[in-house]
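Enquirer: Next comes data-v3.csv, CSV, C-alpha atoms and all ligand atoms:
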chain,number,residue,atom,x,y,z
A,1,MET,CA,-39.9,-101.4,-4.6
A,2,ILE,CA,-40.1,-97.6,-4.5
A,3,ASP,CA,-38.2,-95.2,-2.4
A,4,ILE,CA,-40.1,-91.9,-2.0
A,5,HIS,CA,-37.5,-89.9,-0.1
A,6,THR,CA,-33.9,-89.5,-1.1
A,7,HIS,CA,-31.2,-86.8,-1.5
A,8,ILE,CA,-29.9,-88.5,-4.6
A,9,LEU,CA,-29.4,-85.5,-6.8
A,10,PRO,CA,-25.9,-84.1,-6.6
A,11,GLN,CA,-25.0,-80.7,-5.3
A,12,LEU,CA,-28.4,-79.4,-4.5
A,13,ASP,CA,-28.3,-80.0,-0.7
A,14,ASP,CA,-26.4,-82.1,1.9
A,15,GLY,CA,-27.0,-85.2,-0.2
A,16,ALA,CA,-24.9,-86.7,-3.0
A,17,LYS,CA,-21.7,-84.8,-3.6
A,18,ASP,CA,-21.4,-85.4,-7.3
A,19,ILE,CA,-22.9,-87.5,-10.0
A,20,GLU,CA,-20.6,-90.5,-9.3
A,21,ASP,CA,-21.8,-90.5,-5.7
A,22,SER,CA,-25.4,-90.6,-7.1
A,23,ILE,CA,-24.6,-93.4,-9.5
A,24,ASN,CA,-22.9,-95.5,-6.7
A,25,LEU,CA,-26.0,-95.0,-4.5
A,26,LEU,CA,-28.3,-96.0,-7.4
A,27,ARG,CA,-26.4,-99.2,-8.1
A,28,GLU,CA,-26.9,-100.1,-4.5
A,29,ALA,CA,-30.7,-99.3,-4.8
A,30,GLU,CA,-30.9,-101.5,-7.9
A,31,LYS,CA,-29.2,-104.4,-6.0
A,32,GLN,CA,-31.8,-104.1,-3.3
A,33,GLY,CA,-34.6,-104.4,-5.8
A,34,ILE,CA,-35.7,-100.7,-5.8
A,35,GLU,CA,-37.0,-99.8,-9.2
A,36,THR,CA,-38.2,-96.2,-8.7
A,37,VAL,CA,-36.5,-93.5,-6.7
A,38,PHE,CA,-38.0,-90.1,-5.8
A,39,ALA,CA,-35.5,-87.3,-5.8
A,40,THR,CA,-36.5,-85.1,-2.9
A,41,PRO,CA,-33.8,-82.4,-2.2
A,42,HIS,CA,-34.3,-80.1,0.8
A,43,VAL,CA,-36.1,-76.9,0.2
A,44,ILE,CA,-35.5,-74.7,3.2
A,45,THR,CA,-35.7,-70.9,3.0
A,46,GLY,CA,-32.3,-69.4,3.7
A,47,LEU,CA,-30.5,-72.8,3.6
A,48,TYR,CA,-31.3,-74.8,0.5
A,49,GLU,CA,-33.3,-73.1,-2.2
A,50,PRO,CA,-33.1,-75.1,-5.4
A,51,THR,CA,-35.7,-73.9,-7.9
A,52,SER,CA,-38.1,-76.6,-9.3
A,53,LYS,CA,-36.4,-75.9,-12.7
A,54,LYS,CA,-33.0,-76.7,-11.2
A,55,ILE,CA,-34.3,-80.0,-9.6
A,56,LYS,CA,-35.9,-81.0,-12.9
A,57,GLN,CA,-32.7,-80.3,-14.8
A,58,GLY,CA,-30.6,-82.3,-12.3
A,59,LEU,CA,-33.1,-85.1,-12.4
A,60,GLN,CA,-32.9,-85.3,-16.2
A,61,ALA,CA,-29.1,-85.2,-16.2
A,62,LEU,CA,-29.0,-88.1,-13.7
A,63,GLN,CA,-31.7,-90.1,-15.5
A,64,ASP,CA,-29.6,-89.8,-18.7
A,65,ARG,CA,-26.5,-91.1,-17.0
A,66,ILE,CA,-28.5,-93.9,-15.3
A,67,ASN,CA,-29.7,-95.0,-18.7
A,68,GLN,CA,-26.2,-94.9,-20.1
A,69,GLU,CA,-25.0,-97.0,-17.2
A,70,ASN,CA,-27.8,-99.5,-17.8
A,71,ILE,CA,-29.1,-99.1,-14.3
A,72,ASN,CA,-32.7,-100.1,-14.2
A,73,ILE,CA,-34.1,-97.2,-12.2
A,74,ILE,CA,-36.7,-94.5,-12.9
A,75,LEU,CA,-36.3,-91.2,-11.1
A,76,VAL,CA,-39.3,-89.2,-10.0
A,77,MET,CA,-39.3,-85.5,-9.3
A,78,GLY,CA,-40.1,-84.3,-5.8
A,79,ALA,CA,-38.7,-82.2,-2.9
A,80,GLU,CA,-38.6,-82.2,0.9
A,81,ILE,CA,-40.0,-78.9,2.0
A,82,GLY,CA,-39.1,-77.5,5.4
A,83,ILE,CA,-42.4,-76.5,7.1
A,84,VAL,CA,-41.1,-73.1,8.1
A,85,SER,CA,-40.2,-72.2,4.5
A,86,GLU,CA,-41.9,-69.2,3.1
A,87,ILE,CA,-43.2,-70.7,-0.2
A,88,SER,CA,-46.4,-69.7,-2.0
A,89,ALA,CA,-48.9,-72.3,-3.3
A,90,ASP,CA,-47.7,-71.6,-6.9
A,91,GLU,CA,-44.1,-72.3,-6.0
A,92,ILE,CA,-45.1,-75.5,-4.0
A,93,ARG,CA,-46.8,-76.9,-7.1
A,94,GLY,CA,-43.4,-77.2,-8.8
A,95,TYR,CA,-42.1,-79.2,-5.9
A,96,THR,CA,-44.9,-81.7,-5.6
A,97,ILE,CA,-45.0,-85.3,-6.5
A,98,ASN,CA,-47.5,-85.5,-9.4
A,99,GLY,CA,-48.9,-82.0,-8.7
A,100,GLU,CA,-50.7,-83.3,-5.6
A,101,TYR,CA,-48.5,-84.7,-2.9
A,102,VAL,CA,-46.1,-82.6,-0.9
A,103,LEU,CA,-43.4,-84.0,1.3
A,104,LEU,CA,-43.0,-81.9,4.4
A,105,GLU,CA,-40.2,-81.9,7.0
A,106,LEU,CA,-41.0,-80.9,10.5
A,107,PRO,CA,-38.5,-78.9,12.6
A,108,PHE,CA,-36.5,-81.4,14.6
A,109,VAL,CA,-36.5,-79.7,17.9
A,110,SER,CA,-39.1,-77.1,18.6
A,111,TYR,CA,-42.7,-77.3,17.4
A,112,PRO,CA,-43.5,-74.0,15.6
A,113,LEU,CA,-46.7,-72.3,16.7
A,114,ASN,CA,-48.0,-72.2,13.1
A,115,CYS,CA,-47.2,-75.8,12.3
A,116,ASP,CA,-50.8,-77.0,12.0
A,117,GLU,CA,-51.7,-73.8,10.2
A,118,VAL,CA,-49.1,-74.4,7.5
A,119,ILE,CA,-50.0,-78.1,7.0
A,120,PHE,CA,-53.8,-77.4,6.8
A,121,LYS,CA,-53.1,-74.5,4.5
A,122,PHE,CA,-51.5,-76.9,2.0
A,123,GLN,CA,-54.6,-79.1,2.3
A,124,SER,CA,-56.9,-76.2,1.6
A,125,GLN,CA,-54.9,-75.4,-1.5
A,126,GLY,CA,-55.6,-79.0,-2.7
A,127,PHE,CA,-52.3,-80.6,-1.8
A,128,VAL,CA,-52.0,-83.9,0.2
A,129,PRO,CA,-49.3,-83.5,2.8
A,130,ILE,CA,-46.9,-86.4,3.5
A,131,ILE,CA,-45.0,-85.8,6.7
A,132,ALA,CA,-41.4,-87.0,6.4
A,133,HIS,CA,-40.0,-89.1,9.3
A,134,PRO,CA,-42.1,-87.6,12.1
A,135,GLU,CA,-40.6,-90.3,14.4
A,136,ARG,CA,-37.3,-88.4,14.3
A,137,ALA,CA,-38.7,-85.0,15.3
A,138,PHE,CA,-38.4,-84.3,19.1
A,139,SER,CA,-41.4,-82.1,18.7
A,140,ILE,CA,-43.5,-85.2,17.8
A,141,ILE,CA,-41.6,-87.7,20.1
A,142,ASN,CA,-42.8,-85.4,23.0
A,143,ARG,CA,-46.4,-85.4,21.7
A,144,PRO,CA,-47.1,-88.5,19.6
A,145,ASP,CA,-50.9,-88.0,19.8
A,146,LYS,CA,-50.4,-85.2,17.3
A,147,LEU,CA,-50.0,-88.0,14.7
A,148,LYS,CA,-53.5,-89.4,15.3
A,149,GLU,CA,-55.0,-86.0,15.2
A,150,TRP,CA,-53.3,-85.3,11.8
A,151,ARG,CA,-54.2,-88.7,10.5
A,152,LYS,CA,-57.9,-87.9,11.1
A,153,ARG,CA,-57.4,-84.9,8.8
A,154,GLY,CA,-56.0,-87.0,6.0
A,155,ILE,CA,-52.3,-86.4,6.5
A,156,LEU,CA,-50.0,-89.2,5.3
A,157,PHE,CA,-46.8,-90.3,7.1
A,158,GLN,CA,-43.5,-91.6,5.8
A,159,ILE,CA,-41.0,-93.1,8.2
A,160,ASN,CA,-37.3,-93.9,7.5
A,161,SER,CA,-36.0,-97.4,7.0
A,162,LYS,CA,-33.1,-96.4,9.3
A,163,SER,CA,-35.5,-95.5,12.1
A,164,ILE,CA,-36.9,-99.1,12.1
A,165,ILE,CA,-33.5,-100.7,12.3
A,166,GLY,CA,-32.4,-98.4,15.2
A,167,ARG,CA,-29.8,-96.2,13.5
A,168,TYR,CA,-31.0,-93.1,15.2
A,169,GLY,CA,-31.3,-94.8,18.6
A,170,LYS,CA,-34.0,-96.5,20.7
A,171,THR,CA,-36.4,-93.6,21.2
A,172,VAL,CA,-36.8,-93.0,17.4
A,173,ARG,CA,-37.0,-96.8,16.8
A,174,ASN,CA,-39.7,-97.2,19.4
A,175,LEU,CA,-41.9,-94.4,17.9
A,176,ALA,CA,-41.4,-95.9,14.4
A,177,ILE,CA,-42.5,-99.3,15.6
A,178,LYS,CA,-45.5,-97.8,17.5
A,179,MET,CA,-46.5,-96.0,14.4
A,180,LEU,CA,-46.4,-99.2,12.4
A,181,LYS,CA,-48.5,-101.0,15.0
A,182,ASP,CA,-51.0,-98.2,15.2
A,183,GLY,CA,-51.4,-98.2,11.4
A,184,LEU,CA,-50.0,-94.7,11.1
A,185,VAL,CA,-47.4,-95.4,8.4
A,186,ASP,CA,-48.1,-95.0,4.6
A,187,PHE,CA,-44.5,-95.2,3.3
A,188,VAL,CA,-41.1,-96.5,4.4
A,189,ALA,CA,-38.3,-94.6,2.6
A,190,SER,CA,-34.6,-94.4,3.0
A,191,ASP,CA,-34.0,-90.6,3.2
A,192,THR,CA,-30.5,-91.6,1.9
A,193,HIS,CA,-27.9,-88.8,1.7
A,194,ASN,CA,-24.8,-90.8,0.9
A,195,ASN,CA,-23.3,-94.3,0.8
A,196,LYS,CA,-22.7,-94.3,4.6
A,197,TRP,CA,-26.5,-94.0,5.1
A,198,GLY,CA,-27.8,-96.0,2.1
A,199,PHE,CA,-31.2,-97.6,1.5
A,200,ASP,CA,-31.4,-100.4,4.1
A,201,PHE,CA,-34.5,-101.8,2.5
A,202,ASP,CA,-32.9,-105.3,2.6
A,203,ILE,CA,-32.5,-105.1,6.4
A,204,THR,CA,-35.8,-103.4,7.0
A,205,ARG,CA,-38.0,-105.7,5.0
A,206,PRO,CA,-37.9,-108.7,7.4
A,207,ILE,CA,-38.4,-106.4,10.4
A,208,LEU,CA,-41.5,-104.9,8.7
A,209,GLU,CA,-42.8,-108.3,7.8
A,210,LYS,CA,-42.5,-109.3,11.5
A,211,TYR,CA,-44.5,-106.4,12.7
A,212,VAL,CA,-47.1,-105.9,10.0
A,213,GLY,CA,-47.0,-108.9,7.8
A,214,LYS,CA,-46.0,-109.3,4.1
A,215,PRO,CA,-48.9,-107.7,2.3
A,216,LYS,CA,-48.7,-104.5,4.4
A,217,THR,CA,-44.9,-104.5,4.0
A,218,ASP,CA,-45.4,-104.6,0.2
A,219,GLU,CA,-47.7,-101.6,0.5
A,220,LEU,CA,-45.2,-99.6,2.6
A,221,LEU,CA,-42.3,-100.3,0.4
A,222,GLY,CA,-44.0,-100.0,-3.0
A,223,HIS,CA,-47.7,-100.3,-3.6
A,224,ASN,CA,-48.7,-97.1,-1.8
A,225,ALA,CA,-46.0,-95.1,-3.6
A,226,ARG,CA,-47.3,-96.5,-6.9
A,227,ARG,CA,-50.7,-95.0,-6.1
A,228,LEU,CA,-49.0,-91.6,-5.8
A,229,LEU,CA,-47.7,-92.0,-9.3
A,230,LEU,CA,-51.1,-93.1,-10.6
A,231,SER,CA,-53.1,-90.4,-8.9
A,232,GLU,CA,-55.8,-88.5,-10.8
A,233,LYS,CA,-53.8,-85.4,-11.2
A,234,SER,CA,-51.0,-87.5,-12.6
A,235,ASN,CA,-49.0,-85.8,-15.3
A,236,VAL,CA,-46.3,-88.4,-15.7
B,1,FE,FE,-34.7,-86.0,3.8
Spell out the structure here as structure tokens.

Expert:
Amino acid sequence: MIDIHTHILPQLDDGAKDIEDSINLLREAEKQGIETVFATPHVITGLYEPTSKKIKQGLQALQDRINQENINIILVMGAEIGIVSEISADEIRGYTINGEYVLLELPFVSYPLNCDEVIFKFQSQGFVPIIAHPERAFSIINRPDKLKEWRKRGILFQINSKSIIGRYGKTVRNLAIKMLKDGLVDFVASDTHNNKWGFDFDITRPILEKYVGKPKTDELLGHNARRLLLSEKSNV
């Protein structure tokens, strides 16, 4: 399985506190059968501003340590970019998955006027937006039709494993389940920040299988992510 959204790199955002924290999390990931983990620290102007170089260095240091510890996991570079961040196309390229896919975080509460504009701008620049956990954003909970509209324009969606098992409450879970039933989910990821809020793929898998069947579950927890890694612009 592949987890496309984690805050596994230490000391770049509100995720792992130190490398030991990261290692403990990754041991748990390995136990759950996850073999590839995308490191997607927050990039939010004025709050968390790791450069792509810093993310790359952190990723390499953690990968070296993983290898020393004989943990069978490959890390992949990425970032979770706040949609209100002021970042140029050139800067974004450094934060993409494979030079093509960009994981975007919506504001949780209000829906910024220029939200669509920002998303479509990324598309016009040749990037494929993946919206991170839209089921958690009140701005979307209040207008879920937005998802279908975006879908028609080729936007991809990632929901959190914790949303499906109800860790953020009923409203979020209901939207996550509705998205699954409506075929509006491309990836299920953990968005893990620490051991308290780990991966939960083991608890999520049977629930997913119940709602969408095993083949689709395999897509959501791995196959679709594998396609990101094998995309044409791949430089891995
Ligand atoms: Fe996140």

Enquirer: Check every protein, DNA and RNA residue against ligand FE 1 (chain B), keep those with an atom at most 8 Å away (counting only C-alpha atoms and all ligand atoms), and present them as a list in words.

Expert: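 Counting only what the definition allows, namely only C-alpha atoms and all ligand atoms, the set is His5, Thr6, His7, Thr40, Pro41, His42, Glu80, Glu105, Ala132, Asp191, Thr192 and His193 of chain A.
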
Enquirer: Just write the chosen residues, C-alpha atoms, as a PDB file, keeping the file's coordinate frame.

Expert:
ATOM      1  CA  HIS A   5     -37.500 -89.900  -0.100  1.00  0.00           C
ATOM      2  CA  THR A   6     -33.900 -89.500  -1.100  1.00  0.00           C
ATOM      3  CA  HIS A   7     -31.200 -86.800  -1.500  1.00  0.00           C
ATOM      4  CA  THR A  40     -36.500 -85.100  -2.900  1.00  0.00           C
ATOM      5  CA  PRO A  41     -33.800 -82.400  -2.200  1.00  0.00           C
ATOM      6  CA  HIS A  42     -34.300 -80.100   0.800  1.00  0.00           C
ATOM      7  CA  GLU A  80     -38.600 -82.200   0.900  1.00  0.00           C
ATOM      8  CA  GLU A 105     -40.200 -81.900   7.000  1.00  0.00           C
ATOM      9  CA  ALA A 132     -41.400 -87.000   6.400  1.00  0.00           C
ATOM     10  CA  ASP A 191     -34.000 -90.600   3.200  1.00  0.00           C
ATOM     11  CA  THR A 192     -30.500 -91.600   1.900  1.00  0.00           C
ATOM     12  CA  HIS A 193     -27.900 -88.800   1.700  1.00  0.00           C
TER      13      HIS A 193
END

Enquirer: Using all atoms listed in the file, can you tell me which of A:Gly126, A:Gly82, A:Met179, A:Lys162 comes closest to Phe199 of chain A?

Expert: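 Distance minimum relative to Phe199 of chain A lands on A:Lys162.
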
Enquirer: Between A:Gly154, A:Pro144, A:Gly58, A:Gly198, which one has atoms that come closest to Arg167 of chain A, using all atoms listed in the file?

Expert: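 Selected residue with least distance to Arg167 of chain A: A:Gly198.
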
Enquirer: In Å, with one decimal, what is the gap from atom CA of Asn194 of chain A to atom CA of Gly15 of chain A?

Expert: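 If I compute the distance from atom CA of Asn194 of chain A to atom CA of Gly15 of chain A, I get 6.1 Å.
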
Enquirer: Pick from A:Ala39, A:Ile34, A:Leu230, A:Ile131: nearest to Leu106 of chain A, with only C-alpha atoms counted?

Expert: A:Ile131

Enquirer: Considering only C-alpha atoms, state which residue in the set A:Ser124, A:Gly169, A:Leu208, A:Lys178 is at the smallest distance from Asp145 of chain A.

Expert: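 Nearest candidate to Asp145 of chain A out of A:Ser124, A:Gly169, A:Leu208, A:Lys178: A:Lys178.
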
Enquirer: Using only C-alpha atoms, can you tell me which of A:Ile155, A:Glu49, A:Ser163, A:Asn72 comes closest to Val102 of chain A?

Expert: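 Closest to Val102 of chain A of all the choices is A:Ile155.
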